[in-house]
Amino acid sequence: MSNRDFPLYTVKNDCQDCYKCVRRCPVKAIKIEDNSAMIVPELCIACGICYEVCPAKAKQPRNDLSRAKYLVSSNREIYVSLAPSWVTEFPQYTKEQIVAAIRRLGIKGVSETALGAQEVTASTVELLKDCVNKKENRLLISTACPAVVEYIEKYLPELTPCLTPLASPLLAHCRILKETFGQNIETIFIGPCIAKKFEADRHPELLSLALSFEDLRQWLKDENINPSELTPGVFDVFSPSVAKEGCAYPIEGGMIETIKPHNLSADVYMAQITGIYSLQEELSHIDAEHLTKPTFLECLACYGGCVSGPCTSNNGSGLQKRMDVLKNSCFDEAATRTPQYNIKQNYTAQKVGGLNKNFEESDIRKVLTKIGKYSIEDELNCGGCGYNTCRNFACALLEGKAEPEMCVSHMKHQAQRKANALIRCIPSPIVIVDAKLNIMEYNDQFRDTFWNEEEHADIYDYNNLYGANLRDFVSFTNLFSASLELEQDIHKEHVRHEDKMFDVVVFNIDKKQSVGGIIEDVTNAEMHKEKIAEKAREVIHKNLATVQQIACTLGEHMAETEVLLRSIAKDYATTDRENEGIKIRTNSTERKF
């Protein structure tokens with residue numbers, strides 16, 4: 001399966017190496033490949049968390065909109081199964097308007113997925129009654145959410161027998177549509193869920209494809225259809241009938257609300273768990289063999305239910321969404337509803353190993369050593385890499401799912417070591433200071449050049465100048481201050497400090513926060529030039545007398561000789577006036593102050 005064939009995929013060129021998806025993925029179904037965070041299909045449960053948290057939008061659900069348009073163009077009879085959470089996603093439209101808009105896309109009819117939900121509730125009630133009658137204190141877990149089913153089958157395979165042997169509301173609804181309108185119709189789901197694409201891929205005989213609410217918006221836009229401007233006709237209604245209590249399914253506890261009218265509360269314990277992290281915590285520690293009564297768990301991968309699914313755009317109040325959904329639900333017939341269709345479905349454990357693959361301790365220790373974890377104390381377990389512990393990260397490295405660069409502390413120490421090594425190796429004095437000119441880093445050459453025993457011994461430790469103020473050591477701190485203020489690199493030649501002369505380059509590290517300085521001692525070179533100039537002046541002085549004596553003979557040659565000698569002296573002599581000023585280097589210009 002290629003990257004884009006799976007329900008979720010990574011746009012490699014957009015991935016920014018932030019590892020946020022790795023940190024948030026509840027099952028660590030992400031591997032780093034060529035510096036991109038790629039989804040591992042066999043581990044993924046399509047919960048959509050990586051899609052929601054990716055700051056670069058590099059994680060995307062598979063786009064099936066073009067397939068939907070192709071189905072329409074093929075003149076097939078197509079029915080849409082519309083998720084009941086549409087009332088919170090499109091609150092500005094009436095039922096008739098949303099149906100009319102979808103039908104104008106070339107769709108034969110629009111039906112509510114909630115009809116399938118009602119069938120699931122009726123069948124679930126029968127299972128619970130059977131447990132009560134047989135006095136079986138069984139654990140039953142709802143199968144309404146495909147992401148939950150994936151999670152249990154892959155990561156809690158021992159609980160697979162606890163899944164209710166019933167199809168999800170969507171697949172149940174597809175069976176109803178097929179039996180009502182014919183087996184040759186095509187069905188398209190529209191809703192807030194990415195995991196529904198799993199169901200389309202695995203049950204193409206029932207479900208043709210699954211779209212998101214965003215896909216629907218795009219489709220309507222492409223066809224220039226505005227639901228609010230439509231005048232619905234007599235056929236613009238939900239078919240084959242209008243759903244009632246099943247409309248409560250997309251909220252936390254909604255399924256249990258549809259079971260309550262059957263008066264099982266005294267004999268059956270019912271609870272809801274939403275959010276994949278909560279599911280991990282609760283289901284991983286459940287003891288299904290020591291229950292005191294039949295227990296039913298309504299489990300949804302998204303916190304708050306489907307109204308908060310990964311493909312929803314309404315970020316409003318969860319309470320308001322709940323009220324809107326319940327307002328659209330009707331429970332007057334719930335107590336008398338009985339199963340009308342066969343929606344049985346079996347589930348099979350498919351354990352994938354999860355995060356606990358067994359590796360030799362020696363292999364784990366070897367990998368930990370490579371990322372600077374030489375002892376237990378070095379294992380910070382900070383979670384910056386995306387894994388809860390350093391050992392889990394080491395296992396991910398052994399599996400080929402991670403890269404050493406993901407370890408924040410390792411990279412920080414490595415960068416620090418490289419920087420320190422570079423600073424030590426440069427023969428010139430180097431110092432790095434913060435915005436207050438306090439020393440952050442320095443090399444021995446800086447200390448040895450500017451340390452004055454009489455001035456500094458009583459204030460600072462010779463072996464530790466960290467935190468010391470640069471003003472106590474050099475007289476040209478104005479260059480550092482200017483670099484901080486101007487946010488530009490500065491170069492000034494022939495800076496005098498006490499009896500020495502330096503060429504100073506100050507460079508920005510963090511704007512307004514820190515700068516570094518490379519200070520080159522040019523005292524000896526300047527003294528050498530001064531000596532040459534002095535020698536030239538001596539030659540001039542000694543030769544003037546001789547020149548004057550033979551002036552009558554040499555005549556005009558005397559003047560030429562003097563000019564020549566003075567030129568030599570001028571070439572070697574340097575003055576402060578010629579080099580005065582601060583040079584500020586930019587990409588294209590050099591300015592003096």
# chains A, B, ... in the order shown; residues from 1 in each chain; ligands from 1
>>> residues_around(residues="Thr10 (chain A)", least_positions_apart="3", cutoff="6 Å", atoms="only C-alpha atoms", output="ChimeraX atom specification")
/A:38,58-59
>>> write_last_selection(atoms="all heavy atoms", output="CSV table (one decimal), in the first residue's frame")
chain,number,residue,atom,x,y,z
A,38,MET,N,6.4,9.5,8.8
A,38,MET,CA,5.5,8.7,8.0
A,38,MET,C,4.6,7.8,8.8
A,38,MET,O,5.1,7.3,9.9
A,38,MET,CB,6.3,7.9,7.0
A,38,MET,CG,7.4,8.7,6.2
A,38,MET,SD,6.6,10.0,5.2
A,38,MET,CE,5.8,8.9,4.0
A,58,ALA,N,0.9,18.6,7.4
A,58,ALA,CA,1.6,17.6,6.6
A,58,ALA,C,0.8,16.3,6.6
A,58,ALA,O,1.0,15.4,5.8
A,58,ALA,CB,3.0,17.4,7.0
A,59,LYS,N,0.0,16.1,7.7
A,59,LYS,CA,-0.8,14.9,7.8
A,59,LYS,C,-2.2,15.2,7.2
A,59,LYS,O,-2.8,16.2,7.5
A,59,LYS,CB,-1.0,14.5,9.3
A,59,LYS,CG,0.3,14.0,9.9
A,59,LYS,CD,0.8,12.7,9.4
A,59,LYS,CE,2.0,12.2,10.0
A,59,LYS,NZ,3.2,13.1,9.8
>>> select_by_dssp(residues="region 105-281 of chain A", states="alpha helix (DSSP H)", output="VMD selection string")
chain A and resid 114 to 134 146 to 155 169 to 181 196 to 202 213 to 222 254 to 259 276 to 281
>>> closest_residue(among="A:Leu115, A:Ala144, A:Ala101, A:Cys131", to="Ser81 (chain A)", atoms="only C-alpha atoms")
A:Leu115
>>> residues_around(residues="region 166-171 of chain A", least_positions_apart="2", cutoff="10 Å", atoms="only C-alpha atoms", output="number ranges by chain")
A: 81-83, 112-121, 123-124, 127, 142-146, 149, 163-164, 173-177, 189, 196, 199-200, 203, 206-207, 246, 249, 342-347
>>> atom_distance(atom1="CA of Gly233 (chain A)", atom2="CA of Leu220 (chain A)")
18.1 Å
>>> closest_residue(among="A:Val87, A:Val474, A:Cys385, A:Ile519", to="Tyr19 (chain A)", atoms="only C-alpha atoms")
A:Cys385
>>> residues_around(residues="Tyr460 (chain A)", least_positions_apart="6", cutoff="12 Å", atoms="only C-alpha atoms", output="PyMOL selection string")
chain A and resi 447+451-454+466-470+472-473
>>> write_last_selection(atoms="N, CA, C and O atoms", output="tab-separated table (two decimals), in the first residue's frame")
chain	number	residue	atom	x	y	z
A	447	ARG	N	40.35	34.30	28.52
A	447	ARG	CA	40.71	34.46	29.93
A	447	ARG	C	42.17	34.88	30.10
A	447	ARG	O	42.48	35.82	30.85
A	451	TRP	N	42.69	38.51	31.65
A	451	TRP	CA	42.72	38.35	33.11
A	451	TRP	C	43.85	39.20	33.70
A	451	TRP	O	44.98	39.17	33.24
A	452	ASN	N	43.48	39.95	34.71
A	452	ASN	CA	44.46	40.77	35.42
A	452	ASN	C	44.41	40.36	36.89
A	452	ASN	O	43.40	40.55	37.56
A	453	GLU	N	45.50	39.79	37.36
A	453	GLU	CA	45.52	39.23	38.70
A	453	GLU	C	45.14	40.26	39.76
A	453	GLU	O	44.35	39.98	40.68
A	454	GLU	N	45.65	41.45	39.64
A	454	GLU	CA	45.40	42.48	40.65
A	454	GLU	C	43.94	42.94	40.64
A	454	GLU	O	43.36	43.17	41.69
A	466	TYR	N	32.05	32.27	34.12
A	466	TYR	CA	30.65	32.27	33.70
A	466	TYR	C	29.84	33.21	34.61
A	466	TYR	O	29.91	33.11	35.85
A	467	GLY	N	29.07	34.08	33.99
A	467	GLY	CA	28.26	35.02	34.74
A	467	GLY	C	28.96	36.33	35.03
A	467	GLY	O	28.33	37.31	35.46
A	468	ALA	N	30.28	36.37	34.82
A	468	ALA	CA	31.02	37.61	35.04
A	468	ALA	C	30.62	38.65	33.99
A	468	ALA	O	30.22	38.30	32.88
A	469	ASN	N	30.73	39.92	34.35
A	469	ASN	CA	30.34	40.97	33.41
A	469	ASN	C	31.52	41.34	32.52
A	469	ASN	O	32.64	41.57	33.01
A	470	LEU	N	31.26	41.42	31.23
A	470	LEU	CA	32.31	41.69	30.26
A	470	LEU	C	32.97	43.04	30.51
A	470	LEU	O	34.15	43.24	30.21
A	472	ASP	N	34.06	44.28	33.08
A	472	ASP	CA	35.17	44.19	34.02
A	472	ASP	C	36.45	43.70	33.35
A	472	ASP	O	37.51	43.66	34.00
A	473	PHE	N	36.37	43.31	32.08
A	473	PHE	CA	37.53	42.72	31.42
A	473	PHE	C	38.02	43.51	30.21
A	473	PHE	O	39.22	43.57	29.95
>>> residues_around(residues="Pro404 (chain A)", least_positions_apart="2", cutoff="9 Å", atoms="only C-alpha atoms", output="list of chain:residue names")
A:Lys370, A:Ile371, A:Ala394, A:Leu397, A:Ala402, A:Met406, A:Cys407, A:His410, A:Met411
>>> closest_residue(among="A:Glu153, A:Asp287, A:Asp130, A:Glu52", to="Lys20 (chain A)", atoms="only C-alpha atoms")
A:Glu52
>>> closest_residue(among="A:Ala243, A:Val110, A:Val72, A:Met255", to="Val125 (chain A)", atoms="only C-alpha atoms")
A:Met255
>>> closest_residue(among="A:Glu214, A:Val431, A:Cys50, A:Lys412", to="Cys311 (chain A)", atoms="only C-alpha atoms")
A:Glu214
>>> residues_around(residues="Ser475 (chain A)", least_positions_apart="3", cutoff="9 Å", atoms="only C-alpha atoms", output="JSON, numbers by chain")
{"A": [470, 471, 472, 478, 496, 497, 498]}
>>> select_by_dssp(residues="region 11-62 of chain A", states="strand (DSSP E or B)", output="PyMOL selection string")
chain A and resi 30-33+36-39+59-61
>>> residues_around(residues="Arg322 (chain A)", least_positions_apart="5", cutoff="9 Å", atoms="only C-alpha atoms", output="ChimeraX atom specification")
/A:88,248,250-252,304,307,317,327
>>> write_last_selection(atoms="N, CA, C and O atoms", output="compact mmCIF listing (two decimals), in the first residue's frame")
# COMPACT_ATOMS: atom_id res chain seq x y z
N THR A 88 -24.47 19.96 14.02
CA THR A 88 -23.53 20.88 14.67
C THR A 88 -22.52 21.44 13.68
O THR A 88 -21.88 22.46 13.94
N ALA A 248 -28.89 10.69 18.52
CA ALA A 248 -28.12 11.03 19.72
C ALA A 248 -26.74 10.39 19.73
O ALA A 248 -25.91 10.70 20.59
N PRO A 250 -23.89 10.75 18.11
CA PRO A 250 -22.59 11.45 17.98
C PRO A 250 -22.10 12.16 19.24
O PRO A 250 -21.03 12.75 19.21
N ILE A 251 -22.86 12.11 20.36
CA ILE A 251 -22.39 12.75 21.59
C ILE A 251 -21.97 11.69 22.60
O ILE A 251 -22.39 10.53 22.53
N GLU A 252 -21.15 12.07 23.52
CA GLU A 252 -20.70 11.18 24.58
C GLU A 252 -21.91 10.67 25.37
O GLU A 252 -22.72 11.45 25.88
N GLY A 304 -15.68 13.69 23.86
CA GLY A 304 -16.97 14.33 23.67
C GLY A 304 -17.83 13.67 22.62
O GLY A 304 -19.00 13.99 22.47
N VAL A 307 -19.09 14.56 17.56
CA VAL A 307 -19.23 15.99 17.29
C VAL A 307 -17.89 16.71 17.40
O VAL A 307 -17.77 17.87 16.97
N SER A 317 -18.73 25.37 21.87
CA SER A 317 -18.95 24.71 23.14
C SER A 317 -19.42 23.27 22.96
O SER A 317 -20.35 23.00 22.20
N LYS A 327 -31.57 17.98 20.86
CA LYS A 327 -32.75 18.69 20.34
C LYS A 327 -33.23 18.06 19.05
O LYS A 327 -34.43 18.06 18.74
>>> closest_residue(among="A:Leu297, A:Val433, A:Ile190, A:Val522", to="Ile141 (chain A)", atoms="only C-alpha atoms")
A:Leu297
>>> atom_distance(atom1="CA of Ile432 (chain A)", atom2="CA of Asp499 (chain A)")
23.5 Å
